[in-house]
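Trainee: If it helps, the file is called model_7.cif and holds mmCIF, C-alpha atoms:
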data_protein
#
loop_
_atom_site.label_atom_id
_atom_site.label_comp_id
_atom_site.auth_asym_id
_atom_site.auth_seq_id
_atom_site.Cartn_x
_atom_site.Cartn_y
_atom_site.Cartn_z
CA MET A 1 19.54 -25.26 -6.75
CA ILE A 2 16.17 -23.89 -5.68
CA MET A 3 13.99 -21.19 -7.26
CA CYS A 4 12.01 -18.40 -5.64
CA ARG A 5 8.84 -20.42 -5.05
CA GLU A 6 10.72 -23.13 -3.16
CA ALA A 7 12.76 -20.46 -1.32
CA THR A 8 9.53 -18.85 -0.03
CA ARG A 9 8.34 -22.28 1.14
CA LEU A 10 11.52 -22.71 3.19
CA MET A 11 11.31 -19.14 4.57
CA SER A 12 7.78 -19.83 5.71
CA LEU A 13 8.72 -23.21 7.20
CA LYS A 14 11.56 -21.52 9.09
CA GLN A 15 8.97 -19.53 11.08
CA ASP A 16 7.35 -22.78 12.26
CA ARG A 17 10.14 -25.30 12.76
CA ALA A 18 13.94 -25.47 12.59
CA LEU A 19 15.21 -26.11 9.06
CA SER A 20 17.51 -29.04 8.37
CA PHE A 21 21.13 -28.29 7.52
CA ARG A 22 20.45 -28.97 3.85
CA GLU A 23 17.30 -26.80 3.75
CA ASN A 24 19.11 -23.98 5.48
CA THR A 25 22.06 -24.14 3.10
CA MET A 26 19.84 -24.11 0.01
CA LEU A 27 17.85 -21.18 1.36
CA ARG A 28 20.91 -19.14 2.29
CA PHE A 29 22.48 -19.75 -1.08
CA HIS A 30 19.33 -18.61 -2.87
CA LEU A 31 18.98 -15.51 -0.68
CA SER A 32 22.57 -14.51 -1.37
CA MET A 33 21.62 -14.17 -5.04
CA CYS A 34 18.04 -12.93 -4.96
CA GLY A 35 17.05 -9.47 -3.70
CA ALA A 36 13.30 -10.06 -4.14
CA CYS A 37 13.48 -13.15 -1.90
CA ARG A 38 15.56 -11.23 0.68
CA ALA A 39 12.77 -8.63 0.81
CA CYS A 40 10.23 -11.45 1.13
CA ALA A 41 12.20 -13.08 3.98
CA ARG A 42 12.22 -9.76 5.91
CA GLN A 43 8.45 -9.48 5.40
CA PHE A 44 7.85 -13.02 6.71
CA ASP A 45 9.98 -12.14 9.76
CA LEU A 46 7.86 -9.03 10.27
CA LEU A 47 4.62 -11.03 9.97
CA HIS A 48 5.99 -13.39 12.63
CA LYS A 49 6.27 -10.45 15.05
CA ILE A 50 2.67 -9.27 14.78
CA GLY A 51 1.53 -11.41 17.71
CA GLU A 52 3.75 -9.52 20.17
CA HIS A 53 2.96 -6.10 18.74
CA HIS A 54 -0.64 -6.22 17.56
CA PRO A 55 -2.67 -3.39 19.14
CA SER A 56 -5.37 -5.83 20.25
CA THR A 57 -3.06 -8.21 22.13
CA PRO A 58 -2.02 -7.69 25.75
CA LYS A 59 1.08 -5.68 26.49
CA GLU A 60 3.38 -7.17 29.09
CA SER A 61 3.31 -4.00 31.08
CA THR A 62 5.51 -3.58 34.12
CA GLU A 63 3.64 -0.44 35.14
CA ASN A 64 1.02 -0.84 37.80
CA GLY A 65 -1.65 0.37 35.43
CA GLY A 66 -1.65 -2.99 33.68
CA HIS A 67 -2.31 -4.93 36.87
CA TYR A 68 -5.43 -5.65 38.75
CA GLU A 69 -4.79 -5.90 42.47
CA PRO A 70 -7.14 -8.39 44.10
CA ARG A 71 -8.40 -7.29 47.50
CA MET B 72 3.22 4.86 47.68
CA THR B 73 -0.34 3.58 47.46
CA ILE B 74 -2.14 3.28 44.18
CA THR B 75 -5.83 2.64 44.39
CA ALA B 76 -6.59 -0.31 42.18
CA PRO B 77 -9.47 0.20 39.77
CA SER B 78 -12.41 -2.14 40.35
CA ILE B 79 -12.74 -5.40 38.47
CA ASP B 80 -15.72 -4.02 36.54
CA GLN B 81 -13.73 -1.05 35.29
CA HIS B 82 -10.86 -3.29 34.24
CA ILE B 83 -13.18 -5.55 32.31
CA ALA B 84 -15.08 -2.73 30.63
CA ALA B 85 -11.80 -1.26 29.44
CA LEU B 86 -10.60 -4.58 28.10
CA ARG B 87 -13.74 -5.64 26.25
CA PRO B 88 -13.13 -3.80 22.92
CA LYS B 89 -9.63 -5.29 22.64
CA LEU B 90 -10.93 -8.78 23.37
CA ILE B 91 -13.64 -8.39 20.74
CA ALA B 92 -11.17 -7.11 18.13
CA PHE B 93 -8.87 -10.06 18.81
CA ALA B 94 -11.66 -12.65 18.72
CA ARG B 95 -13.11 -11.19 15.53
CA LEU B 96 -9.79 -11.48 13.71
CA GLN B 97 -9.48 -15.07 14.80
CA LEU B 98 -13.10 -16.24 14.37
CA ARG B 99 -14.04 -13.98 11.43
CA ASP B 100 -17.60 -13.70 12.64
CA SER B 101 -18.91 -10.86 14.82
CA ALA B 102 -21.60 -12.89 16.59
CA ALA B 103 -19.19 -15.72 17.40
CA ALA B 104 -16.64 -13.17 18.64
CA GLU B 105 -19.21 -11.50 20.93
CA ASP B 106 -20.30 -14.87 22.36
CA THR B 107 -16.75 -15.98 23.02
CA VAL B 108 -15.85 -12.72 24.74
CA GLN B 109 -19.03 -12.94 26.80
CA ASP B 110 -18.06 -16.43 28.03
CA THR B 111 -14.55 -15.20 28.77
CA LEU B 112 -15.74 -12.25 30.84
CA ILE B 113 -18.07 -14.42 32.89
CA ILE B 114 -15.16 -16.68 33.79
CA ALA B 115 -12.94 -13.67 34.54
CA LEU B 116 -15.58 -12.25 36.89
CA GLU B 117 -16.14 -15.58 38.63
CA LYS B 118 -12.50 -16.44 39.08
CA HIS B 119 -10.76 -13.12 39.59
CA ASP B 120 -10.47 -13.79 43.31
CA SER B 121 -8.25 -16.76 42.59
CA PHE B 122 -6.13 -14.64 40.27
CA ALA B 123 -3.21 -13.85 42.55
CA GLY B 124 -1.60 -11.12 40.48
CA ARG B 125 0.94 -13.57 39.09
CA SER B 126 0.84 -11.93 35.71
CA ALA B 127 -0.75 -8.81 34.34
CA PHE B 128 -4.52 -9.01 34.57
CA GLU B 129 -4.85 -8.41 30.85
CA THR B 130 -2.59 -11.34 30.01
CA TRP B 131 -4.62 -13.56 32.32
CA VAL B 132 -7.93 -12.62 30.65
CA PHE B 133 -6.41 -13.06 27.18
CA GLY B 134 -5.32 -16.55 28.24
CA ILE B 135 -8.94 -17.39 29.05
CA LEU B 136 -10.08 -15.91 25.73
CA LYS B 137 -7.55 -17.95 23.77
CA ASN B 138 -8.81 -21.15 25.37
CA LYS B 139 -12.40 -20.22 24.60
CA ILE B 140 -11.51 -19.44 20.97
CA LEU B 141 -9.73 -22.76 20.63
CA GLU B 142 -12.74 -24.59 22.09
CA ARG B 143 -14.95 -22.87 19.55
CA ILE B 144 -12.62 -23.71 16.65
CA ARG B 145 -12.57 -27.38 17.69
CA TYR B 146 -16.34 -27.37 17.87
CA GLU B 147 -16.72 -25.74 14.46
CA ARG B 148 -14.23 -28.12 12.96
CA ARG B 149 -16.21 -31.07 14.26
CA TYR B 150 -19.74 -29.94 13.51
CA LEU B 151 -19.59 -27.26 10.85
CA SER B 152 -18.14 -27.22 7.37
CA TRP B 153 -14.46 -26.75 6.78
CA GLN B 154 -13.19 -26.41 3.25
CA ASP B 155 -9.81 -27.96 2.84
CA SER B 156 -8.93 -26.18 -0.33
CA ASP B 157 -10.46 -24.04 -2.91
CA GLN B 158 -9.63 -23.86 -6.57
CA ASN B 159 -9.45 -20.08 -6.91
CA ASP B 160 -7.10 -20.03 -4.03
CA GLU B 161 -4.81 -22.48 -5.75
CA ASP B 162 -4.81 -20.38 -8.92
CA SER B 163 -3.91 -17.06 -7.38
CA PHE B 164 -1.10 -18.71 -5.45
CA GLU B 165 0.45 -20.08 -8.62
CA ASN B 166 0.05 -16.72 -10.33
CA LEU B 167 2.71 -15.24 -8.10
CA PHE B 168 5.39 -17.31 -9.79
CA GLN B 169 6.40 -18.12 -13.33
CA GLU B 170 6.48 -21.73 -14.51
CA ASN B 171 10.21 -21.94 -13.81
CA GLY B 172 9.59 -21.01 -10.15
CA ARG B 173 10.84 -17.41 -10.33
CA TRP B 174 8.71 -14.47 -9.22
CA GLN B 175 6.39 -12.97 -11.80
CA PRO B 176 7.84 -9.53 -12.53
CA ALA B 177 4.68 -7.84 -11.19
CA SER B 178 4.73 -9.87 -7.93
CA LYS B 179 8.39 -9.35 -6.98
CA PRO B 180 8.58 -8.27 -3.33
CA GLN B 181 9.85 -4.74 -2.65
CA SER B 182 11.36 -3.32 0.51
CA TRP B 183 8.81 -1.98 3.03
CA GLY B 184 11.32 0.04 5.04
CA GLU B 185 12.55 -0.30 8.62
CA PRO B 186 10.69 -3.07 10.52
CA ASP B 187 10.72 -1.14 13.83
CA GLU B 188 9.16 1.91 12.20
CA ILE B 189 6.54 -0.20 10.42
CA LEU B 190 5.46 -1.83 13.70
CA GLU B 191 5.01 1.66 15.22
CA ASN B 192 2.85 2.85 12.33
CA ALA B 193 -0.90 2.72 12.97
CA SER B 194 -1.71 2.56 9.26
CA PHE B 195 0.28 -0.68 8.97
CA TRP B 196 -1.96 -2.31 11.59
CA LYS B 197 -5.10 -1.12 9.83
CA LEU B 198 -3.80 -2.50 6.57
CA LEU B 199 -2.86 -5.81 8.21
CA ASP B 200 -6.36 -6.24 9.67
CA THR B 201 -7.95 -5.46 6.30
CA CYS B 202 -5.68 -7.93 4.53
CA LEU B 203 -6.40 -10.62 7.15
CA LEU B 204 -10.11 -10.18 6.57
CA VAL B 205 -9.84 -10.61 2.80
CA LEU B 206 -7.75 -13.80 3.07
CA PRO B 207 -9.73 -16.99 2.39
CA ASP B 208 -11.22 -18.23 5.69
CA ASN B 209 -9.33 -21.46 6.09
CA ILE B 210 -5.83 -20.14 5.53
CA ALA B 211 -6.54 -16.98 7.54
CA ARG B 212 -7.65 -19.13 10.44
CA VAL B 213 -4.48 -21.22 10.42
CA PHE B 214 -2.34 -18.09 10.12
CA THR B 215 -3.98 -16.23 13.01
CA MET B 216 -3.86 -19.36 15.20
CA ARG B 217 -0.14 -19.46 14.55
CA GLU B 218 0.80 -15.77 14.66
CA LEU B 219 -1.85 -14.06 16.80
CA MET B 220 -2.66 -16.85 19.24
CA GLY B 221 0.93 -18.09 19.21
CA LEU B 222 0.03 -21.79 18.90
CA THR B 223 2.53 -24.33 17.57
CA THR B 224 1.81 -26.04 14.25
CA GLN B 225 1.31 -29.25 16.24
CA GLU B 226 -1.43 -27.64 18.34
CA ILE B 227 -3.09 -26.24 15.21
CA CYS B 228 -3.00 -29.58 13.42
CA GLU B 229 -4.51 -31.28 16.43
CA ALA B 230 -7.35 -28.74 16.75
CA LEU B 231 -8.19 -28.81 13.04
CA SER B 232 -7.32 -32.47 12.32
CA LEU B 233 -4.81 -31.49 9.64
CA SER B 234 -1.53 -33.19 8.81
CA ASP B 235 1.68 -31.27 9.56
CA SER B 236 2.45 -30.84 5.88
CA ASN B 237 -1.07 -29.57 5.19
CA CYS B 238 -0.64 -27.02 7.95
CA TRP B 239 2.69 -25.82 6.54
CA VAL B 240 1.25 -25.51 3.04
CA MET B 241 -1.57 -23.35 4.39
CA LEU B 242 0.81 -21.15 6.39
CA HIS B 243 3.05 -20.69 3.35
CA ARG B 244 0.07 -19.68 1.24
CA ALA B 245 -1.26 -17.33 3.93
CA ARG B 246 2.07 -15.55 4.30
CA LEU B 247 2.49 -15.10 0.55
CA LYS B 248 -1.02 -13.74 0.10
CA LEU B 249 -0.79 -11.51 3.12
CA ARG B 250 2.54 -9.98 2.14
CA SER B 251 1.25 -9.36 -1.36
CA CYS B 252 -1.91 -7.65 -0.06
CA ILE B 253 0.04 -5.53 2.43
CA GLU B 254 2.56 -4.50 -0.20
CA LYS B 255 -0.17 -3.28 -2.55
CA GLY B 256 -1.57 -1.04 0.19
CA TRP B 257 1.73 -0.04 1.77
CA LEU B 258 3.68 1.16 -1.23
CA THR B 259 0.89 3.07 -2.95
#
Would you write out, as structure tokens, the structure that this file holds?
Mentor:
Amino acid sequence: MIMCREATRLMSLKQDRALSFRENTMLRFHLSMCGACRACARQFDLLHKIGEHHPSTPKESTENGGHYEPR
Amino acid sequence: MTITAPSIDQHIAALRPKLIAFARLQLRDSAAAEDTVQDTLIIALEKHDSFAGRSAFETWVFGILKNKILERIRYERRYLSWQDSDQNDEDSFENLFQENGRWQPASKPQSWGEPDEILENASFWKLLDTCLLVLPDNIARVFTMRELMGLTTQEICEALSLSDSNCWVMLHRARLKLRSCIEKGWLT
């Protein structure tokens, strides 16, 4: 059985590589019992989305305004 | 329907503040950020004729910027100092948890609300930038390479000559510190 510190390590790792079956099982089991770690997992997921949504990164705009038309 | 395309100069002038903001978060140094953006804009001006409108102009220029930032990081890693770890850093990380590995009562994560609403909220982005700037340099750098530049851990390890496990430890630490900093600002 894993504790919160180890659970946060696995949640972080999950953002960077696929977890093994065993790692995934241990994490899911811990999350099913621990509300604080569930909140933490949602926050790590949110932090993983900042690249797409950060105001200073390019928006994949489909409007013409985002395009420069070479002459 | 004909839309007159703005000139290349106008496009670049409009983009510059965003490029600087991005480079500053990644390089954590205003002068280095200015230099890198300068180099990027020169390339964009020289090569924009060969840019065939395959992707949005902005995305193309950001691609150049990311390469320039990575070049700079490799250079700094090779010739300037890089601190692998720092004792204070270690301490505050351990302080989040009790000896048995459970959260300290004061550090237990709380709910921040609906993710979609948070991402729409300008004050969240301000808070995130502030928290990124107070993170220790080395872990902030690894985190922004991963999450803002979208590099893989393998690419990061290669650029910084770190082992995979070292990289993962730093990302874990960065995420814990960042979430804790954001939570303090977000829920008060």
Trainee: What does the PyMOL selection byres ((chain B and resi 104) around 10) select in this file, as a list in words?
Mentor: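 Listing what the PyMOL selection byres ((chain B and resi 104) around 10) selects in the shown file: Leu90, Ile91, Ala92, Phe93, Ala94, Arg95, Leu96, Gln97, Leu98, Arg99, Asp100, Ser101, Ala102, Ala103, Glu105, Asp106, Thr107, Val108, Gln109, Ile140 and Arg143 of chain B.
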Trainee: Compute the set of chain B residues within 6 Å of chain A, using only C-alpha atoms, and express it as a count of residues only.
Mentor: 16
Trainee: Could you tell me how far atom CA of Val213 of chain B lies from atom CA of Asp200 of chain B, in Å and to one decimal?
Mentor: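 So the two atoms, atom CA of Val213 of chain B and atom CA of Asp200 of chain B, lie 15.1 Å apart.
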Trainee: With the PyMOL selection byres ((chain B and resi 210) around 9) as the selection, what would be picked from this file? Answer as a PyMOL selection string, please.
Mentor: chain B and resi 156+206-209+211-215+238+241-242+244-245
Trainee: Quick check, in Å to one decimal: how far apart do atom CA of Ser236 of chain B and atom CA of Leu19 of chain A lie?
Mentor: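 It comes out at 14.0 Å.
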Trainee: Quick one, how far is atom CA of Trp131 of chain B from atom CA of Ile83 of chain B?
Mentor: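 Atom CA of Ile83 of chain B lies 11.7 Å from atom CA of Trp131 of chain B.
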